[in-house]
file query-v8.pdb (PDB, C-alpha atoms)
MODEL        1
ATOM      1  CA  MET A   3       0.000   0.000   0.000
ATOM      2  CA  SER A   4       1.657   3.244  -1.090
ATOM      3  CA  THR A   5       1.178   6.596   0.610
ATOM      4  CA  GLU A   6      -0.217   9.377  -1.534
ATOM      5  CA  HIS A   7       2.348  12.206  -1.798
ATOM      6  CA  GLY A   8       4.329  10.627   1.053
ATOM      7  CA  ASP A   9       2.103  12.251   3.686
ATOM      8  CA  LEU A  10       2.245   9.200   5.955
ATOM      9  CA  GLU A  11       6.043   9.274   5.840
ATOM     10  CA  VAL A  12       5.835  12.948   6.832
ATOM     11  CA  LEU A  13       3.624  12.056   9.808
ATOM     12  CA  LEU A  14       6.013   9.300  10.870
ATOM     13  CA  GLY A  15       8.808  11.860  10.680
ATOM     14  CA  LEU A  16       6.839  14.176  12.960
ATOM     15  CA  LEU A  17       6.466  11.324  15.462
ATOM     16  CA  ASP A  18      10.211  10.650  15.412
ATOM     17  CA  LEU A  19      10.943  13.230  18.090
ATOM     18  CA  GLU A  20      14.469  14.418  18.762
ATOM     19  CA  GLN A  21      15.436  13.655  22.358
ATOM     20  CA  THR A  22      17.255  16.698  23.761
ATOM     21  CA  GLY A  23      17.440  15.592  27.403
ATOM     22  CA  GLU A  24      16.353  12.763  29.685
ATOM     23  CA  ASP A  25      12.739  13.973  29.639
ATOM     24  CA  THR A  26      12.717  16.622  26.900
ATOM     25  CA  PHE A  27      11.957  16.184  23.215
ATOM     26  CA  LEU A  28      11.769  18.390  20.146
ATOM     27  CA  GLY A  29       9.005  18.082  17.552
ATOM     28  CA  GLN A  30       8.802  19.640  14.091
ATOM     29  CA  HIS A  31       6.003  20.837  11.810
ATOM     30  CA  PRO A  32       5.270  19.483   8.333
ATOM     31  CA  GLU A  33       5.669  21.631   5.216
ATOM     32  CA  LYS A  34       1.898  21.549   4.712
ATOM     33  CA  VAL A  35       0.479  23.412   7.691
ATOM     34  CA  TRP A  36      -2.669  25.067   8.982
ATOM     35  CA  SER A  37      -2.614  28.663  10.238
ATOM     36  CA  ARG A  38      -1.684  27.264  13.661
ATOM     37  CA  THR A  39      -0.392  23.927  14.916
ATOM     38  CA  PHE A  40      -2.892  21.139  14.242
ATOM     39  CA  GLY A  41      -4.234  19.847  17.556
ATOM     40  CA  GLY A  42      -3.897  16.227  16.495
ATOM     41  CA  GLN A  43      -0.189  16.785  15.916
ATOM     42  CA  LEU A  44       0.238  18.089  19.468
ATOM     43  CA  VAL A  45      -1.659  15.118  20.893
ATOM     44  CA  ALA A  46       0.307  12.597  18.821
ATOM     45  CA  GLN A  47       3.724  14.076  19.563
ATOM     46  CA  ALA A  48       2.930  14.389  23.275
ATOM     47  CA  ILE A  49       1.864  10.720  23.367
ATOM     48  CA  VAL A  50       5.207   9.743  21.865
ATOM     49  CA  ALA A  51       7.130  11.977  24.276
ATOM     50  CA  ALA A  52       5.368  10.508  27.317
ATOM     51  CA  GLY A  53       5.608   6.947  26.014
ATOM     52  CA  ARG A  54       9.337   7.189  25.428
ATOM     53  CA  THR A  55       9.820   7.749  29.168
ATOM     54  CA  VAL A  56       7.733   4.725  30.205
ATOM     55  CA  GLY A  57       8.614   1.810  27.941
ATOM     56  CA  PRO A  58       6.525  -0.733  26.045
ATOM     57  CA  GLU A  59       5.561  -2.938  29.004
ATOM     58  CA  ARG A  60       2.956  -0.395  30.136
ATOM     59  CA  PRO A  61       0.955   0.992  27.203
ATOM     60  CA  VAL A  62      -0.882   4.306  27.414
ATOM     61  CA  HIS A  63      -4.523   3.900  28.392
ATOM     62  CA  ALA A  64      -5.710   7.506  28.806
ATOM     63  CA  VAL A  65      -4.707  11.045  27.831
ATOM     64  CA  ASN A  66      -6.380  14.293  28.883
ATOM     65  CA  ALA A  67      -5.157  17.391  27.054
ATOM     66  CA  HIS A  68      -5.830  21.119  27.313
ATOM     67  CA  PHE A  69      -4.942  23.616  24.599
ATOM     68  CA  VAL A  70      -3.576  26.883  25.955
ATOM     69  CA  ARG A  71      -2.274  28.776  22.905
ATOM     70  CA  GLY A  72      -2.147  28.295  19.170
ATOM     71  CA  GLY A  73       1.255  27.081  18.005
ATOM     72  CA  ASP A  74       3.533  28.923  15.573
ATOM     73  CA  VAL A  75       3.887  26.579  12.589
ATOM     74  CA  LYS A  76       7.263  28.125  11.695
ATOM     75  CA  GLN A  77       8.917  27.020  14.920
ATOM     76  CA  PRO A  78       9.655  23.613  16.472
ATOM     77  CA  ILE A  79       7.889  22.564  19.662
ATOM     78  CA  GLU A  80       9.634  21.492  22.863
ATOM     79  CA  TYR A  81       7.915  18.757  24.876
ATOM     80  CA  ARG A  82       8.866  18.538  28.557
ATOM     81  CA  VAL A  83       7.799  15.381  30.393
ATOM     82  CA  GLU A  84       7.240  15.306  34.151
ATOM     83  CA  ARG A  85       7.255  11.911  35.880
ATOM     84  CA  HIS A  86       4.658  11.524  38.613
ATOM     85  CA  ARG A  87       4.597   7.797  39.276
ATOM     86  CA  ASP A  88       6.243   4.571  38.130
ATOM     87  CA  GLY A  89       4.407   1.772  39.894
ATOM     88  CA  ARG A  90       4.389  -1.954  39.276
ATOM     89  CA  ALA A  91       1.425  -1.752  36.877
ATOM     90  CA  PHE A  92       0.799   1.990  36.498
ATOM     91  CA  ALA A  93       2.698   5.085  35.384
ATOM     92  CA  ASN A  94       1.660   8.722  35.113
ATOM     93  CA  ARG A  95       3.186  11.579  33.157
ATOM     94  CA  THR A  96       2.469  15.210  32.366
ATOM     95  CA  VAL A  97       3.650  16.569  29.031
ATOM     96  CA  THR A  98       3.825  20.312  28.438
ATOM     97  CA  ALA A  99       4.491  21.743  24.980
ATOM     98  CA  TYR A 100       6.427  25.011  24.763
ATOM     99  CA  GLN A 101       7.456  27.600  22.206
ATOM    100  CA  ASP A 102       9.616  30.522  23.367
ATOM    101  CA  ASP A 103       9.037  29.331  26.957
ATOM    102  CA  GLN A 104       5.271  29.844  26.572
ATOM    103  CA  GLU A 105       2.939  26.931  27.241
ATOM    104  CA  LEU A 106       0.941  25.796  24.215
ATOM    105  CA  PHE A 107      -0.560  22.588  25.503
ATOM    106  CA  VAL A 108      -0.652  20.397  28.631
ATOM    107  CA  MET A 109      -1.478  16.690  28.641
ATOM    108  CA  LEU A 110      -1.796  14.169  31.466
ATOM    109  CA  ALA A 111      -1.024  10.632  30.293
ATOM    110  CA  ALA A 112      -1.755   7.427  32.212
ATOM    111  CA  PHE A 113      -0.184   4.038  31.490
ATOM    112  CA  GLN A 114      -1.171   0.572  32.664
ATOM    113  CA  ASP A 115      -0.184  -2.958  31.743
ATOM    114  CA  TYR A 116      -2.933  -4.707  29.766
ATOM    115  CA  GLY A 117      -4.692  -7.624  31.439
ATOM    116  CA  LYS A 118      -7.850  -9.689  31.109
ATOM    117  CA  GLY A 119     -10.989  -8.879  33.062
ATOM    118  CA  LEU A 120     -14.646  -7.992  32.590
ATOM    119  CA  GLU A 121     -15.423  -7.004  29.022
ATOM    120  CA  HIS A 122     -18.329  -5.348  27.234
ATOM    121  CA  GLY A 123     -18.762  -2.521  24.761
ATOM    122  CA  THR A 124     -21.359  -0.671  22.720
ATOM    123  CA  PRO A 125     -21.892  -2.375  19.353
ATOM    124  CA  LEU A 126     -20.436  -1.280  16.042
ATOM    125  CA  PRO A 127     -22.982   0.869  14.154
ATOM    126  CA  GLN A 128     -24.408  -0.588  10.966
ATOM    127  CA  VAL A 129     -22.471   1.162   8.190
ATOM    128  CA  PRO A 130     -21.252   0.349   4.669
ATOM    129  CA  ASP A 131     -17.969  -1.526   4.319
ATOM    130  CA  PRO A 132     -14.973   0.781   3.753
ATOM    131  CA  ASP A 133     -13.726  -0.986   0.636
ATOM    132  CA  GLY A 134     -16.730   0.217  -1.369
ATOM    133  CA  LEU A 135     -16.516   3.849  -0.239
ATOM    134  CA  PRO A 136     -14.610   6.747  -1.878
ATOM    135  CA  ARG A 137     -11.679   8.466  -0.209
ATOM    136  CA  VAL A 138     -12.580  11.795   1.358
ATOM    137  CA  GLU A 139     -10.439  13.613  -1.194
ATOM    138  CA  GLU A 140     -12.934  12.658  -3.892
ATOM    139  CA  SER A 141     -15.646  14.659  -2.109
ATOM    140  CA  PHE A 142     -13.578  17.835  -2.573
ATOM    141  CA  GLU A 143     -13.953  17.740  -6.364
ATOM    142  CA  GLY A 144     -15.598  20.903  -7.621
ATOM    143  CA  LEU A 145     -15.426  22.509  -4.171
ATOM    144  CA  GLU A 146     -11.684  23.131  -4.004
ATOM    145  CA  ASP A 147     -12.112  26.921  -3.758
ATOM    146  CA  ARG A 148     -14.284  26.590  -0.645
ATOM    147  CA  LEU A 149     -12.375  23.713   0.983
ATOM    148  CA  GLN A 150      -8.810  24.903   0.483
ATOM    149  CA  MET A 151      -7.959  24.303   4.147
ATOM    150  CA  PHE A 152      -8.768  20.596   3.654
ATOM    151  CA  VAL A 153      -7.414  20.291   0.119
ATOM    152  CA  ASN A 154      -4.050  21.792   1.087
ATOM    153  CA  ALA A 155      -3.723  19.910   4.390
ATOM    154  CA  PRO A 156      -1.624  16.738   4.765
ATOM    155  CA  HIS A 157      -3.527  13.505   4.135
ATOM    156  CA  PRO A 158      -1.620  10.772   6.000
ATOM    157  CA  ILE A 159      -4.898   9.040   6.913
ATOM    158  CA  ASP A 160      -7.158   7.236   4.445
ATOM    159  CA  MET A 161     -10.590   8.555   5.456
ATOM    160  CA  ARG A 162     -13.900   7.335   4.013
ATOM    161  CA  TYR A 163     -17.196   8.833   5.190
ATOM    162  CA  THR A 164     -20.117   6.414   5.467
ATOM    163  CA  ASN A 165     -22.497   9.396   5.354
ATOM    164  CA  ASP A 166     -22.257  12.572   3.298
ATOM    165  CA  PRO A 167     -19.727  14.981   4.836
ATOM    166  CA  ALA A 168     -20.812  18.460   5.906
ATOM    167  CA  TRP A 169     -19.985  20.152   2.595
ATOM    168  CA  ILE A 170     -22.126  17.669   0.646
ATOM    169  CA  LEU A 171     -24.992  17.880   3.157
ATOM    170  CA  LYS A 172     -24.874  21.653   2.723
ATOM    171  CA  GLY A 173     -25.897  21.228  -0.887
ATOM    172  CA  THR A 174     -28.849  18.987  -0.022
ATOM    173  CA  GLY A 175     -30.086  21.020   2.940
ATOM    174  CA  GLU A 176     -29.960  17.979   5.233
ATOM    175  CA  THR A 177     -28.935  17.936   8.889
ATOM    176  CA  LEU A 178     -27.204  15.053  10.629
ATOM    177  CA  ASN A 179     -26.620  14.512  14.351
ATOM    178  CA  HIS A 180     -23.764  12.029  13.887
ATOM    179  CA  ASN A 181     -20.821  11.331  11.566
ATOM    180  CA  ARG A 182     -19.184   7.978  10.868
ATOM    181  CA  VAL A 183     -15.871   7.710   9.091
ATOM    182  CA  TRP A 184     -13.647   4.713   8.359
ATOM    183  CA  MET A 185      -9.991   5.547   8.977
ATOM    184  CA  ARG A 186      -6.584   3.916   8.721
ATOM    185  CA  ALA A 187      -3.030   5.051   8.122
ATOM    186  CA  ASP A 188      -2.464   5.512   4.407
ATOM    187  CA  GLY A 189       0.231   2.848   4.372
ATOM    188  CA  THR A 190       1.930   0.376   6.680
ATOM    189  CA  LEU A 191       2.987   1.587  10.125
ATOM    190  CA  PRO A 192       5.991   0.312  12.089
ATOM    191  CA  ASP A 193       5.269  -2.460  14.596
ATOM    192  CA  ASP A 194       5.870  -0.137  17.571
ATOM    193  CA  PRO A 195       2.447  -0.012  19.376
ATOM    194  CA  LEU A 196       3.157   3.544  20.549
ATOM    195  CA  ILE A 197       3.173   4.747  16.933
ATOM    196  CA  HIS A 198      -0.238   3.155  16.325
ATOM    197  CA  VAL A 199      -1.629   4.862  19.443
ATOM    198  CA  ALA A 200      -0.104   8.212  18.423
ATOM    199  CA  THR A 201      -1.491   7.907  14.887
ATOM    200  CA  LEU A 202      -4.975   7.269  16.249
ATOM    201  CA  GLY A 203      -4.447  10.281  18.516
ATOM    202  CA  TYR A 204      -3.575  12.375  15.455
ATOM    203  CA  SER A 205      -6.659  11.116  13.613
ATOM    204  CA  SER A 206      -9.004  11.667  16.550
ATOM    205  CA  ASP A 207      -8.844  15.431  15.976
ATOM    206  CA  THR A 208      -9.890  15.299  12.314
ATOM    207  CA  THR A 209     -13.688  14.824  12.194
ATOM    208  CA  VAL A 210     -14.828  14.878  15.806
ATOM    209  CA  LEU A 211     -16.375  18.373  15.684
ATOM    210  CA  ASP A 212     -18.299  17.674  12.457
ATOM    211  CA  SER A 213     -21.436  16.525  14.267
ATOM    212  CA  ILE A 214     -21.746  19.857  16.085
ATOM    213  CA  ILE A 215     -22.140  21.771  12.844
ATOM    214  CA  THR A 216     -24.039  19.145  10.821
ATOM    215  CA  THR A 217     -26.670  19.068  13.583
ATOM    216  CA  HIS A 218     -27.379  22.673  12.543
ATOM    217  CA  GLY A 219     -27.031  22.161   8.785
ATOM    218  CA  LEU A 220     -23.729  24.064   8.661
ATOM    219  CA  SER A 221     -20.495  23.257   6.865
ATOM    220  CA  TRP A 222     -16.835  24.142   6.937
ATOM    221  CA  GLY A 223     -15.996  26.324   3.942
ATOM    222  CA  PHE A 224     -19.589  27.450   3.352
ATOM    223  CA  ASP A 225     -20.567  29.056   6.654
ATOM    224  CA  ARG A 226     -18.636  31.542   8.757
ATOM    225  CA  ILE A 227     -17.508  29.274  11.589
ATOM    226  CA  VAL A 228     -14.621  29.783  13.985
ATOM    227  CA  ALA A 229     -13.610  26.587  15.771
ATOM    228  CA  ALA A 230     -10.781  25.888  18.209
ATOM    229  CA  THR A 231     -10.211  22.901  20.466
ATOM    230  CA  VAL A 232     -10.291  23.629  24.202
ATOM    231  CA  ASN A 233      -9.671  20.134  25.581
ATOM    232  CA  HIS A 234      -9.324  16.633  24.200
ATOM    233  CA  SER A 235      -9.400  13.271  25.982
ATOM    234  CA  ILE A 236      -8.859   9.725  24.723
ATOM    235  CA  TRP A 237      -9.257   6.397  26.514
ATOM    236  CA  PHE A 238      -7.578   3.434  24.822
ATOM    237  CA  HIS A 239      -9.430   0.227  25.634
ATOM    238  CA  ARG A 240      -7.411  -2.534  23.924
ATOM    239  CA  PRO A 241      -4.410  -3.025  21.618
ATOM    240  CA  PHE A 242      -4.887  -2.317  17.908
ATOM    241  CA  ARG A 243      -3.105  -1.617  14.644
ATOM    242  CA  PHE A 244      -4.044   1.679  13.060
ATOM    243  CA  ASP A 245      -2.967   0.603   9.587
ATOM    244  CA  GLU A 246      -6.112  -1.542   9.700
ATOM    245  CA  TRP A 247      -9.597  -0.057   9.285
ATOM    246  CA  ALA A 248     -11.247   1.575  12.304
ATOM    247  CA  LEU A 249     -14.652   3.269  12.292
ATOM    248  CA  TYR A 250     -14.735   6.673  14.012
ATOM    249  CA  ALA A 251     -18.374   7.150  15.071
ATOM    250  CA  THR A 252     -19.004  10.620  16.524
ATOM    251  CA  GLN A 253     -21.923  12.649  17.811
ATOM    252  CA  SER A 254     -22.484  15.853  19.776
ATOM    253  CA  PRO A 255     -24.655  15.673  22.908
ATOM    254  CA  VAL A 256     -24.617  19.436  23.570
ATOM    255  CA  ALA A 257     -23.610  22.860  22.302
ATOM    256  CA  ALA A 258     -23.992  25.887  24.593
ATOM    257  CA  GLY A 259     -22.119  29.001  25.663
ATOM    258  CA  GLN A 260     -20.264  29.180  22.313
ATOM    259  CA  ARG A 261     -18.795  25.751  23.047
ATOM    260  CA  GLY A 262     -19.655  22.369  21.626
ATOM    261  CA  LEU A 263     -18.968  18.931  23.074
ATOM    262  CA  ALA A 264     -18.375  15.970  20.783
ATOM    263  CA  MET A 265     -17.900  12.297  21.626
ATOM    264  CA  GLY A 266     -16.565   9.513  19.466
ATOM    265  CA  HIS A 267     -15.784   5.813  19.488
ATOM    266  CA  PHE A 268     -13.200   4.002  17.383
ATOM    267  CA  TYR A 269     -14.273   0.457  16.429
ATOM    268  CA  SER A 270     -12.287  -2.282  14.751
ATOM    269  CA  ARG A 271     -13.724  -3.794  11.610
ATOM    270  CA  ALA A 272     -14.596  -6.845  13.740
ATOM    271  CA  GLY A 273     -16.692  -4.665  16.039
ATOM    272  CA  GLU A 274     -14.365  -4.286  19.040
ATOM    273  CA  LEU A 275     -14.444  -0.900  20.759
ATOM    274  CA  LEU A 276     -10.839   0.339  20.561
ATOM    275  CA  ALA A 277     -10.907   3.869  21.961
ATOM    276  CA  THR A 278     -13.255   6.593  23.188
ATOM    277  CA  VAL A 279     -12.755  10.311  22.493
ATOM    278  CA  VAL A 280     -14.312  13.399  24.072
ATOM    279  CA  GLN A 281     -13.485  16.855  22.736
ATOM    280  CA  GLU A 282     -14.740  20.307  23.654
ATOM    281  CA  GLY A 283     -14.275  23.139  21.227
ATOM    282  CA  VAL A 284     -15.090  26.804  20.941
ATOM    283  CA  ILE A 285     -17.639  27.004  18.123
ATOM    284  CA  ARG A 286     -18.692  30.447  16.928
ATOM    285  CA  HIS A 287     -21.098  30.806  14.020
ATOM    286  CA  PHE A 288     -21.555  34.159  12.302
ATOM    287  CA  PRO A 289     -24.699  33.967  10.163
ATOM    288  CA  ALA A 290     -24.685  35.878   6.904
ATOM    289  CA  ARG A 291     -26.563  39.146   7.146
ATOM    290  CA  SER A 292     -29.812  39.186   5.231
ATOM    291  CA  LYS A 293     -29.986  41.820   2.536
TER     292      LYS A 293
ENDMDL
END
call {"tool": "encode", "arguments": {"input": "query-v8.pdb", "output": "C-alpha cells"}}
result
Amino acid sequence: MSTEHGDLEVLLGLLDLEQTGEDTFLGQHPEKVWSRTFGGQLVAQAIVAAGRTVGPERPVHAVNAHFVRGGDVKQPIEYRVERHRDGRAFANRTVTAYQDDQELFVMLAAFQDYGKGLEHGTPLPQVPDPDGLPRVEESFEGLEDRLQMFVNAPHPIDMRYTNDPAWILKGTGETLNHNRVWMRADGTLPDDPLIHVATLGYSSDTTVLDSIITTHGLSWGFDRIVAATVNHSIWFHRPFRFDEWALYATQSPVAAGQRGLAMGHFYSRAGELLATVVQEGVIRHFPARSK
C-alpha cells in the first residue's frame, strides 16, 4: 500500500521526536500546515514523548489534554515530560508543549499494563464496508475553492465517510446529528504499538467536531464558523493496529455558551471498541446578514 504524496512518511517523521534531554523532546512541523499547529499533531507528539519515558511494558490507556495557545507553525515545539509515578502496573506523566518558553498545551497521560478482566462494549454501528466507499479527497472535487484548508492539508490518513460529509450535506439542505468515518493510516505503520496509538491520537482530531455543525445544517468552507479545540481526551481500551480499518463514530450531545462537546468511538472492523474520544471546542457561528 503506497502513501499518496508521502504524507504518511511525513507524519512518521513528525512522530520521530528528537530527544534533547532525559525527559525533553523536540518536535517539528510538516511543510503543509494550517494557520496554527494542528491539535492532532500536538496530541500525537505528546503521546510519543510521554511513552518514550515509560517503555513498552505499560501501554498508554488515557490522555487528557488542554490547549492553551495556538502554536507557531514556523517554529519547532519542545515537549517537557514530568514523571509523577512509576508503579508496578501503572505510570503517570504530564507533558507540556512550549514555544519561546510559553505553554501551548498540557497533557496528562496514564499508562497501565494490559490484562484480562470484565469485558463489554457498545456495538459497532451498521455502516457500509470501507472498501466500497470513496476516499474523502474525492468529495472535494468541484469545491476546491471553498475547501482549500482541507485540500491543502496533509492527508496521511485514508478517510472514508459512510455518510455525506458536511460540505455535501450543505448542498442537499440535510442535517445530521452524527458522523461515521472509516480511517486507517495511508500505508503500513511500524510495529511499535506507541506509533499506532499516536497515529490514532492524530486522527481523533480530524472529524470529531463535524457533528456539532451538521446538527445545525452548517459546513466548513460554506458558513462563517470559527472553531478551536479547548480540551481533548482519549481512553484506549485494547491493543490495535491503526494501519487496519477503524470506524470513528461521533456525535455531539450538547452545544452551549459558544462551546460544543463531541464524543466519538473508534471500532475495529470486527466490532471491538478500541478507543473513546471526548473533545470540547469553541464554536462560533456568524450567520450571513440578510440583505
call {"tool": "residues_around", "arguments": {"input": "query-v8.pdb", "residues": "region 197-204 of chain A", "least_positions_apart": "3", "cutoff": "7 Å", "atoms": "all atoms listed in the file", "output": "PyMOL selection string"}}
result
chain A and resi 42-43+45-46+49-50+194+207+243-244
call {"tool": "residues_around", "arguments": {"input": "query-v8.pdb", "residues": "Phe288 (chain A)", "least_positions_apart": "6", "cutoff": "10 Å", "atoms": "all atoms listed in the file", "output": "PDB file with C-alpha atoms, keeping the file's coordinate frame"}}
result
ATOM      1  CA  ASP A 225     -20.567  29.056   6.654  1.00  0.00           C
ATOM      2  CA  ARG A 226     -18.636  31.542   8.757  1.00  0.00           C
ATOM      3  CA  ILE A 227     -17.508  29.274  11.589  1.00  0.00           C
ATOM      4  CA  VAL A 228     -14.621  29.783  13.985  1.00  0.00           C
TER       5      VAL A 228
END
call {"tool": "residues_around", "arguments": {"input": "query-v8.pdb", "residues": "Pro241 (chain A)", "least_positions_apart": "3", "cutoff": "8 Å", "atoms": "all atoms listed in the file", "output": "PyMOL selection string"}}
result
chain A and resi 195+238+276
call {"tool": "closest_residue", "arguments": {"input": "query-v8.pdb", "among": "A:Pro158, A:Pro32, A:Phe69, A:Ser270", "to": "Asp131 (chain A)", "atoms": "all atoms listed in the file"}}
result
A:Ser270
call {"tool": "residues_around", "arguments": {"input": "query-v8.pdb", "residues": "Thr39 (chain A)", "least_positions_apart": "6", "cutoff": "9 Å", "atoms": "only C-alpha atoms", "output": "list in words"}}
result
His31, Gly72, Gly73, Asp74 and Val75 of chain A
call {"tool": "resolve_selection", "arguments": {"input": "query-v8.pdb", "expression": "the PyMOL selection byres ((chain A and resi 277) around 7)", "output": "ChimeraX atom specification"}}
result
/A:236-239,267-268,275-276,278-279
call {"tool": "resolve_selection", "arguments": {"input": "query-v8.pdb", "expression": "the PyMOL selection byres ((chain A and resi 175) around 12)", "output": "list in words"}}
result
Asp166, Ala168, Trp169, Ile170, Leu171, Lys172, Gly173, Thr174, Glu176, Thr177, Leu178, Thr216, Thr217, His218, Gly219, Leu220 and Ser221 of chain A
call {"tool": "write_last_selection", "arguments": {"input": "query-v8.pdb", "atoms": "C-alpha atoms", "output": "JSON list (two decimals), keeping the file's coordinate frame"}}
result
[["chain", "number", "residue", "atom", "x", "y", "z"],
["A", 166, "ASP", "CA", -22.26, 12.57, 3.30],
["A", 168, "ALA", "CA", -20.81, 18.46, 5.91],
["A", 169, "TRP", "CA", -19.98, 20.15, 2.60],
["A", 170, "ILE", "CA", -22.13, 17.67, 0.65],
["A", 171, "LEU", "CA", -24.99, 17.88, 3.16],
["A", 172, "LYS", "CA", -24.87, 21.65, 2.72],
["A", 173, "GLY", "CA", -25.90, 21.23, -0.89],
["A", 174, "THR", "CA", -28.85, 18.99, -0.02],
["A", 176, "GLU", "CA", -29.96, 17.98, 5.23],
["A", 177, "THR", "CA", -28.94, 17.94, 8.89],
["A", 178, "LEU", "CA", -27.20, 15.05, 10.63],
["A", 216, "THR", "CA", -24.04, 19.14, 10.82],
["A", 217, "THR", "CA", -26.67, 19.07, 13.58],
["A", 218, "HIS", "CA", -27.38, 22.67, 12.54],
["A", 219, "GLY", "CA", -27.03, 22.16, 8.78],
["A", 220, "LEU", "CA", -23.73, 24.06, 8.66],
["A", 221, "SER", "CA", -20.50, 23.26, 6.86]]
call {"tool": "resolve_selection", "arguments": {"input": "query-v8.pdb", "expression": "the PyMOL selection byres ((chain A and resi 246-260) around 7)", "output": "list in words"}}
result
Asn179, His180, Asn181, Arg182, Val183, Trp184, Met185, Arg186, Val210, Ser213, Ile214, Arg243, Phe244, Asp245, Arg261, Gly262, Leu263, Ala264, Met265, Gly266, His267, Phe268, Tyr269, Ser270, Arg271, Val284, Ile285 and Arg286 of chain A
call {"tool": "closest_residue", "arguments": {"input": "query-v8.pdb", "among": "A:Leu10, A:Asp160, A:Arg95, A:Glu105", "to": "Pro132 (chain A)", "atoms": "all atoms listed in the file"}}
result
A:Asp160
call {"tool": "closest_residue", "arguments": {"input": "query-v8.pdb", "among": "A:Gln150, A:Asn165, A:Ser37, A:Ser235", "to": "Ala112 (chain A)", "atoms": "all atoms listed in the file"}}
result
A:Ser235
call {"tool": "residues_around", "arguments": {"input": "query-v8.pdb", "residues": "Leu44 (chain A)", "least_positions_apart": "6", "cutoff": "9 Å", "atoms": "all atoms listed in the file", "output": "PyMOL selection string"}}
result
chain A and resi 29+79+99+107+204
call {"tool": "closest_residue", "arguments": {"input": "query-v8.pdb", "among": "A:Lys34, A:Lys118, A:His234, A:Arg54", "to": "Asn66 (chain A)", "atoms": "all atoms listed in the file"}}
result
A:His234
call {"tool": "atom_distance", "arguments": {"input": "query-v8.pdb", "atom1": "CA of Phe142 (chain A)", "atom2": "CA of Ile159 (chain A)"}}
result
15.6 Å
call {"tool": "atom_distance", "arguments": {"input": "query-v8.pdb", "atom1": "CA of Thr164 (chain A)", "atom2": "CA of Ser141 (chain A)"}}
result
12.1 Å
call {"tool": "decode", "arguments": {"input": "query-v8.pdb", "residues": "region 62-67 of chain A", "atoms": "all heavy atoms", "output": "CSV table (one decimal), in the first residue's frame"}}
result
chain,number,residue,atom,x,y,z
A,62,VAL,N,0.0,3.2,27.0
A,62,VAL,CA,-0.9,4.3,27.4
A,62,VAL,C,-2.3,3.9,27.4
A,62,VAL,O,-2.8,3.2,26.4
A,62,VAL,CB,-0.6,5.5,26.5
A,62,VAL,CG1,-0.9,5.2,25.1
A,62,VAL,CG2,-1.4,6.7,27.0
A,63,HIS,N,-3.1,4.2,28.4
A,63,HIS,CA,-4.5,3.9,28.4
A,63,HIS,C,-5.4,5.1,28.5
A,63,HIS,O,-6.6,5.0,28.2
A,63,HIS,CB,-4.9,2.9,29.5
A,63,HIS,CG,-5.0,3.5,30.9
A,63,HIS,ND1,-6.2,4.1,31.4
A,63,HIS,CD2,-4.1,3.7,31.9
A,63,HIS,CE1,-6.0,4.5,32.6
A,63,HIS,NE2,-4.7,4.3,32.9
A,64,ALA,N,-4.9,6.3,28.8
A,64,ALA,CA,-5.7,7.5,28.8
A,64,ALA,C,-4.8,8.7,28.7
A,64,ALA,O,-3.7,8.8,29.2
A,64,ALA,CB,-6.5,7.6,30.1
A,65,VAL,N,-5.3,9.7,27.9
A,65,VAL,CA,-4.7,11.0,27.8
A,65,VAL,C,-5.8,12.1,28.0
A,65,VAL,O,-6.9,12.0,27.5
A,65,VAL,CB,-3.9,11.3,26.5
A,65,VAL,CG1,-2.8,10.2,26.4
A,65,VAL,CG2,-4.8,11.2,25.3
A,66,ASN,N,-5.5,13.2,28.7
A,66,ASN,CA,-6.4,14.3,28.9
A,66,ASN,C,-5.6,15.6,28.6
A,66,ASN,O,-4.7,15.9,29.4
A,66,ASN,CB,-6.9,14.3,30.3
A,66,ASN,CG,-7.6,13.0,30.7
A,66,ASN,OD1,-7.0,12.2,31.3
A,66,ASN,ND2,-8.8,12.8,30.3
A,67,ALA,N,-6.0,16.3,27.5
A,67,ALA,CA,-5.2,17.4,27.1
A,67,ALA,C,-5.9,18.7,27.1
A,67,ALA,O,-7.2,18.7,26.8
A,67,ALA,CB,-4.7,17.1,25.6
